[in-house]
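One file, upload_32.pdb, carrying PDB, C-alpha atoms:
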ATOM      1  CA  MET A   1      10.430  -4.904 -43.593
ATOM      2  CA  ASP A   2       7.645  -3.539 -41.387
ATOM      3  CA  LEU A   3       7.490  -6.851 -39.556
ATOM      4  CA  ILE A   4      11.136  -6.566 -38.520
ATOM      5  CA  LYS A   5      10.635  -3.000 -37.276
ATOM      6  CA  ASP A   6       7.556  -4.118 -35.341
ATOM      7  CA  ILE A   7       9.462  -6.939 -33.682
ATOM      8  CA  LYS A   8      12.360  -4.647 -32.742
ATOM      9  CA  ARG A   9       9.977  -2.009 -31.373
ATOM     10  CA  ASN A  10       8.119  -4.594 -29.278
ATOM     11  CA  ARG A  11      11.348  -6.033 -27.877
ATOM     12  CA  LEU A  12      12.603  -2.579 -26.975
ATOM     13  CA  LYS A  13       9.287  -1.755 -25.328
ATOM     14  CA  HIS A  14       9.423  -4.885 -23.140
ATOM     15  CA  ARG A  15      13.002  -4.146 -22.068
ATOM     16  CA  GLN A  16      12.162  -0.751 -20.618
ATOM     17  CA  LYS A  17      12.173  -0.591 -16.859
ATOM     18  CA  GLU A  18       8.909   0.011 -15.109
ATOM     19  CA  PRO A  19       8.860   1.831 -11.787
ATOM     20  CA  LEU A  20       8.004  -0.239  -8.745
ATOM     21  CA  LYS A  21       4.529   0.384  -7.433
ATOM     22  CA  LYS A  22       3.717   0.584  -3.775
ATOM     23  CA  ASP A  23       1.623  -2.286  -2.565
ATOM     24  CA  ILE A  24      -1.050  -2.361   0.085
ATOM     25  CA  PHE A  25       1.110  -4.256   2.605
ATOM     26  CA  ASN A  26       3.835  -1.613   2.596
ATOM     27  CA  GLN A  27       1.259   1.172   2.820
ATOM     28  CA  ILE A  28      -0.505  -0.314   5.858
ATOM     29  CA  SER A  29       2.660  -1.522   7.583
ATOM     30  CA  SER A  30       4.041   2.020   7.297
ATOM     31  CA  ILE A  31       0.971   3.333   9.120
ATOM     32  CA  VAL A  32       1.286   0.594  11.748
ATOM     33  CA  LYS A  33       4.934   1.535  12.367
ATOM     34  CA  ARG A  34       4.485   5.312  12.213
ATOM     35  CA  TYR A  35       1.547   5.416  14.627
ATOM     36  CA  GLU A  36       2.797   2.485  16.734
ATOM     37  CA  LEU A  37      -0.496   0.621  16.382
ATOM     38  CA  ASN A  38      -1.066  -2.572  18.369
ATOM     39  CA  LYS A  39      -3.702  -5.334  18.644
ATOM     40  CA  ASN A  40      -6.098  -2.924  20.372
ATOM     41  CA  PHE A  41      -6.541  -1.202  17.020
ATOM     42  CA  LEU A  42      -8.428  -4.274  15.766
ATOM     43  CA  LYS A  43     -10.934  -3.836  18.615
ATOM     44  CA  VAL A  44     -11.404  -0.198  17.640
ATOM     45  CA  LEU A  45     -11.880  -1.331  14.042
ATOM     46  CA  ASP A  46     -14.672  -3.669  15.162
ATOM     47  CA  GLY A  47     -16.511  -0.835  16.941
ATOM     48  CA  VAL A  48     -16.249   1.769  14.197
ATOM     49  CA  GLU A  49     -19.876   1.349  13.054
ATOM     50  CA  ASP A  50     -21.186   2.337  16.507
ATOM     51  CA  TYR A  51     -18.992   5.422  16.518
ATOM     52  CA  LEU A  52     -20.042   6.471  13.015
ATOM     53  CA  SER A  53     -23.738   6.238  13.817
ATOM     54  CA  ASN A  54     -23.220   9.161  16.220
ATOM     55  CA  VAL A  55     -21.105  11.345  13.899
ATOM     56  CA  ASN A  56     -22.450  14.837  13.280
ATOM     57  CA  LEU A  57     -23.474  14.909   9.620
ATOM     58  CA  ASN A  58     -23.793  18.670   9.535
ATOM     59  CA  ALA A  59     -20.041  19.179   9.741
ATOM     60  CA  ASN A  60     -19.083  21.302   6.739
ATOM     61  CA  ARG A  61     -15.351  21.007   6.999
ATOM     62  CA  VAL A  62     -13.297  19.758   4.094
ATOM     63  CA  ARG A  63     -10.129  17.982   5.074
ATOM     64  CA  VAL A  64      -7.396  17.697   2.476
ATOM     65  CA  LYS A  65      -5.294  14.592   2.826
ATOM     66  CA  ALA A  66      -1.829  14.979   4.298
ATOM     67  CA  SER A  67       0.838  13.327   2.224
ATOM     68  CA  MET A  68       2.696  10.294   3.489
ATOM     69  CA  GLU A  69       5.787   8.706   2.075
ATOM     70  CA  SER A  70       5.873   4.964   2.581
ATOM     71  CA  PRO A  71       8.894   2.861   1.687
ATOM     72  CA  LEU A  72       8.813   0.491  -1.258
ATOM     73  CA  PHE A  73       9.868  -2.344   1.044
ATOM     74  CA  SER A  74       8.827  -2.395   4.649
ATOM     75  CA  LEU A  75      10.781  -4.074   7.438
ATOM     76  CA  VAL A  76       8.454  -4.960  10.280
ATOM     77  CA  THR A  77       8.481  -7.019  13.434
ATOM     78  CA  LYS A  78       6.418 -10.183  13.741
ATOM     79  CA  ASP A  79       3.692  -8.344  15.703
ATOM     80  CA  GLU A  80       3.569  -5.504  13.165
ATOM     81  CA  TYR A  81       3.364  -8.054  10.357
ATOM     82  CA  MET A  82       0.494  -9.921  12.007
ATOM     83  CA  LEU A  83      -1.384  -6.668  12.697
ATOM     84  CA  THR A  84      -0.875  -5.465   9.125
ATOM     85  CA  ILE A  85      -2.174  -8.731   7.672
ATOM     86  CA  SER A  86      -5.153  -8.678  10.067
ATOM     87  CA  ILE A  87      -6.069  -5.129   9.031
ATOM     88  CA  ILE A  88      -5.835  -5.983   5.332
ATOM     89  CA  LYS A  89      -8.021  -9.083   5.765
ATOM     90  CA  LYS A  90     -10.560  -7.312   7.964
ATOM     91  CA  ILE A  91     -11.021  -4.285   5.671
ATOM     92  CA  GLY A  92     -10.724  -6.167   2.385
ATOM     93  CA  ASN A  93     -11.547  -3.374  -0.065
ATOM     94  CA  SER A  94      -9.724  -1.282  -2.639
ATOM     95  CA  TYR A  95      -9.889   1.969  -0.637
ATOM     96  CA  LEU A  96      -7.365   0.681   1.894
ATOM     97  CA  LYS A  97      -4.405   1.401  -0.372
ATOM     98  CA  PHE A  98      -5.350   5.109  -0.256
ATOM     99  CA  ALA A  99      -5.371   5.290   3.562
ATOM    100  CA  TYR A 100      -2.636   7.463   5.085
ATOM    101  CA  SER A 101      -3.580   7.330   8.766
ATOM    102  CA  PRO A 102      -5.272   5.071  11.321
ATOM    103  CA  GLU A 103      -8.373   7.277  11.122
ATOM    104  CA  GLU A 104      -8.611   6.644   7.384
ATOM    105  CA  ILE A 105      -8.161   2.900   7.913
ATOM    106  CA  LEU A 106     -11.161   3.010  10.250
ATOM    107  CA  LEU A 107     -13.252   4.813   7.638
ATOM    108  CA  CYS A 108     -12.323   2.520   4.704
ATOM    109  CA  GLY A 109     -15.079  -0.017   5.264
ATOM    110  CA  PRO A 110     -17.971   2.367   5.937
ATOM    111  CA  LEU A 111     -16.935   4.637   3.059
ATOM    112  CA  PHE A 112     -16.718   1.692   0.653
ATOM    113  CA  ARG A 113     -20.187   0.489   1.697
ATOM    114  CA  LEU A 114     -21.643   3.962   1.036
ATOM    115  CA  ASN A 115     -20.015   4.338  -2.377
ATOM    116  CA  PRO A 116     -17.767   1.611  -3.816
ATOM    117  CA  SER A 117     -17.028   3.620  -6.957
ATOM    118  CA  LEU A 118     -15.162   6.716  -5.757
ATOM    119  CA  THR A 119     -12.393   7.799  -8.102
ATOM    120  CA  PRO A 120      -8.733   7.298  -7.170
ATOM    121  CA  GLU A 121      -8.226  11.045  -7.604
ATOM    122  CA  ASN A 122     -10.773  11.822  -4.869
ATOM    123  CA  LEU A 123      -9.398   9.104  -2.604
ATOM    124  CA  GLU A 124      -5.889  10.532  -2.949
ATOM    125  CA  ARG A 125      -6.931  14.154  -2.562
ATOM    126  CA  TYR A 126      -9.534  14.224   0.223
ATOM    127  CA  HIS A 127      -9.432  12.810   3.712
ATOM    128  CA  PHE A 128     -11.767   9.841   4.124
ATOM    129  CA  GLU A 129     -13.761  11.702   6.789
ATOM    130  CA  THR A 130     -14.681  14.380   4.258
ATOM    131  CA  LEU A 131     -15.653  11.774   1.673
ATOM    132  CA  PHE A 132     -17.627   9.770   4.232
ATOM    133  CA  LEU A 133     -19.609  12.789   5.447
ATOM    134  CA  HIS A 134     -20.317  13.819   1.853
ATOM    135  CA  GLU A 135     -21.558  10.347   0.922
ATOM    136  CA  ARG A 136     -23.702  10.085   4.077
ATOM    137  CA  VAL A 137     -25.370  13.414   3.331
ATOM    138  CA  LYS A 138     -26.015  12.308  -0.266
ATOM    139  CA  ALA A 139     -27.505   9.015   0.935
ATOM    140  CA  ASP A 140     -29.685  10.755   3.533
ATOM    141  CA  ASN A 141     -30.936  13.307   0.996
ATOM    142  CA  LYS A 142     -31.762  10.548  -1.482
ATOM    143  CA  GLU A 143     -33.630   8.608   1.202
ATOM    144  CA  HIS A 144     -35.505  11.759   2.255
ATOM    145  CA  ASP A 145     -36.506  12.471  -1.368
ATOM    146  CA  GLU A 146     -37.785   8.900  -1.827
ATOM    147  CA  ILE A 147     -39.899   9.166   1.332
ATOM    148  CA  SER A 148     -41.300  12.532   0.181
ATOM    149  CA  ASN A 149     -42.181  11.121  -3.226
ATOM    150  CA  ARG A 150     -43.977   8.142  -1.668
ATOM    151  CA  SER A 151     -46.024  10.361   0.655
ATOM    152  CA  ILE A 152     -47.011  12.613  -2.282
ATOM    153  CA  GLU A 153     -48.105   9.583  -4.319
ATOM    154  CA  ASP A 154     -50.147   8.249  -1.382
ATOM    155  CA  THR A 155     -52.227  11.413  -1.132
TER     156      THR A 155
END
Please rewrite the model in this file as structure tokens.
Amino acid sequence: MDLIKDIKRNRLKHRQKEPLKKDIFNQISSIVKRYELNKNFLKVLDGVEDYLSNVNLNANRVRVKASMESPLFSLVTKDEYMLTISIIKKIGNSYLKFAYSPEEILLCGPLFRLNPSLTPENLERYHFETLFLHERVKADNKEHDEISNRSIEDT
């Protein structure tokens, strides 16, 4: 008798509708459309490392992420499609699906290289600039501590 109840319960469970989840293409194509990005954005994306090397790490501001509603299905032109696919291929990490602006797209790669294990909660809550600055300060402090420890051991 328990076997029959189990089978019925499992069938009922599989019949339930699951909500559609937003995918990375729709997220990025929404940003491309909203901010009217073009091919020049890919050039900016290539030069982001040079820009970030000059960023002031003493900035103590905390930026909370602005919300963005993206459609479940995105209708884009051929150029927008090609740009969206290029961005996804160029970035190629899991943080991209949490980006809500072109600025956050630019910071996806460097942030992922600093810390590839940030929680989804932090990625949804804080702007990538805030997370990037925090991770850079942590990395610099760790590097400074290692250098101090080596110089103490040498003496």
List, as a PDB file with C-alpha atoms, in the coordinates of the input, every residue that the PyMOL selection byres ((chain A and resi 86-98) around 10) selects in the file provided.
ATOM      1  CA  LYS A  22       3.717   0.584  -3.775  1.00  0.00           C
ATOM      2  CA  ASP A  23       1.623  -2.286  -2.565  1.00  0.00           C
ATOM      3  CA  ILE A  24      -1.050  -2.361   0.085  1.00  0.00           C
ATOM      4  CA  PHE A  25       1.110  -4.256   2.605  1.00  0.00           C
ATOM      5  CA  ASN A  26       3.835  -1.613   2.596  1.00  0.00           C
ATOM      6  CA  GLN A  27       1.259   1.172   2.820  1.00  0.00           C
ATOM      7  CA  ILE A  28      -0.505  -0.314   5.858  1.00  0.00           C
ATOM      8  CA  SER A  29       2.660  -1.522   7.583  1.00  0.00           C
ATOM      9  CA  VAL A  32       1.286   0.594  11.748  1.00  0.00           C
ATOM     10  CA  LYS A  39      -3.702  -5.334  18.644  1.00  0.00           C
ATOM     11  CA  PHE A  41      -6.541  -1.202  17.020  1.00  0.00           C
ATOM     12  CA  LEU A  42      -8.428  -4.274  15.766  1.00  0.00           C
ATOM     13  CA  LEU A  45     -11.880  -1.331  14.042  1.00  0.00           C
ATOM     14  CA  ASP A  46     -14.672  -3.669  15.162  1.00  0.00           C
ATOM     15  CA  LYS A  65      -5.294  14.592   2.826  1.00  0.00           C
ATOM     16  CA  GLU A  80       3.569  -5.504  13.165  1.00  0.00           C
ATOM     17  CA  TYR A  81       3.364  -8.054  10.357  1.00  0.00           C
ATOM     18  CA  MET A  82       0.494  -9.921  12.007  1.00  0.00           C
ATOM     19  CA  LEU A  83      -1.384  -6.668  12.697  1.00  0.00           C
ATOM     20  CA  THR A  84      -0.875  -5.465   9.125  1.00  0.00           C
ATOM     21  CA  ILE A  85      -2.174  -8.731   7.672  1.00  0.00           C
ATOM     22  CA  ALA A  99      -5.371   5.290   3.562  1.00  0.00           C
ATOM     23  CA  TYR A 100      -2.636   7.463   5.085  1.00  0.00           C
ATOM     24  CA  SER A 101      -3.580   7.330   8.766  1.00  0.00           C
ATOM     25  CA  GLU A 104      -8.611   6.644   7.384  1.00  0.00           C
ATOM     26  CA  ILE A 105      -8.161   2.900   7.913  1.00  0.00           C
ATOM     27  CA  LEU A 106     -11.161   3.010  10.250  1.00  0.00           C
ATOM     28  CA  LEU A 107     -13.252   4.813   7.638  1.00  0.00           C
ATOM     29  CA  CYS A 108     -12.323   2.520   4.704  1.00  0.00           C
ATOM     30  CA  GLY A 109     -15.079  -0.017   5.264  1.00  0.00           C
ATOM     31  CA  PRO A 110     -17.971   2.367   5.937  1.00  0.00           C
ATOM     32  CA  LEU A 111     -16.935   4.637   3.059  1.00  0.00           C
ATOM     33  CA  PHE A 112     -16.718   1.692   0.653  1.00  0.00           C
ATOM     34  CA  ARG A 113     -20.187   0.489   1.697  1.00  0.00           C
ATOM     35  CA  PRO A 116     -17.767   1.611  -3.816  1.00  0.00           C
ATOM     36  CA  SER A 117     -17.028   3.620  -6.957  1.00  0.00           C
ATOM     37  CA  LEU A 118     -15.162   6.716  -5.757  1.00  0.00           C
ATOM     38  CA  THR A 119     -12.393   7.799  -8.102  1.00  0.00           C
ATOM     39  CA  PRO A 120      -8.733   7.298  -7.170  1.00  0.00           C
ATOM     40  CA  GLU A 121      -8.226  11.045  -7.604  1.00  0.00           C
ATOM     41  CA  ASN A 122     -10.773  11.822  -4.869  1.00  0.00           C
ATOM     42  CA  LEU A 123      -9.398   9.104  -2.604  1.00  0.00           C
ATOM     43  CA  GLU A 124      -5.889  10.532  -2.949  1.00  0.00           C
ATOM     44  CA  ARG A 125      -6.931  14.154  -2.562  1.00  0.00           C
ATOM     45  CA  HIS A 127      -9.432  12.810   3.712  1.00  0.00           C
ATOM     46  CA  PHE A 128     -11.767   9.841   4.124  1.00  0.00           C
TER      47      PHE A 128
END
Item to check | Nearest-residue call for Leu72 of chain A, choices A:Lys21, A:Asn38, A:Pro102, A:Asp50, using all atoms listed in the file | outcome: A:Lys21
Checklist entry - In Å, how far is it from atom CA of Asp79 of chain A to atom CA of Tyr35 of chain A? => result 14.0 Å
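Considering the residues A:Asn141, A:Thr130, A:Thr77, A:Asn115 and counting all atoms listed in the file, Val62 of chain A has its shortest atom-to-atom contact with A:Thr130.
For the set A:Val44, A:Glu135, A:Ser53, A:Ser70, the residue with the smallest atom-to-atom gap to Glu103 of chain A is A:Val44, counting only C-alpha atoms.
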Checklist entry - When distances are computed from only C-alpha atoms, which of A:Glu143, A:Val137, A:Arg9, A:Phe132 shows the smallest separation from Leu52 of chain A? => result A:Phe132
Checklist outcome for this item: What separates atom CA of Tyr126 of chain A and atom CA of Pro71 of chain A is a distance of 21.7 Å
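If you measure from each of A:Arg61, A:Met68, A:Pro19, A:Phe73 to His134 of chain A using all atoms listed in the file, the closest one turns out to be A:Arg61.
Between atom CA of Lys17 of chain A and atom CA of Ile31 of chain A the separation is 28.6 Å.
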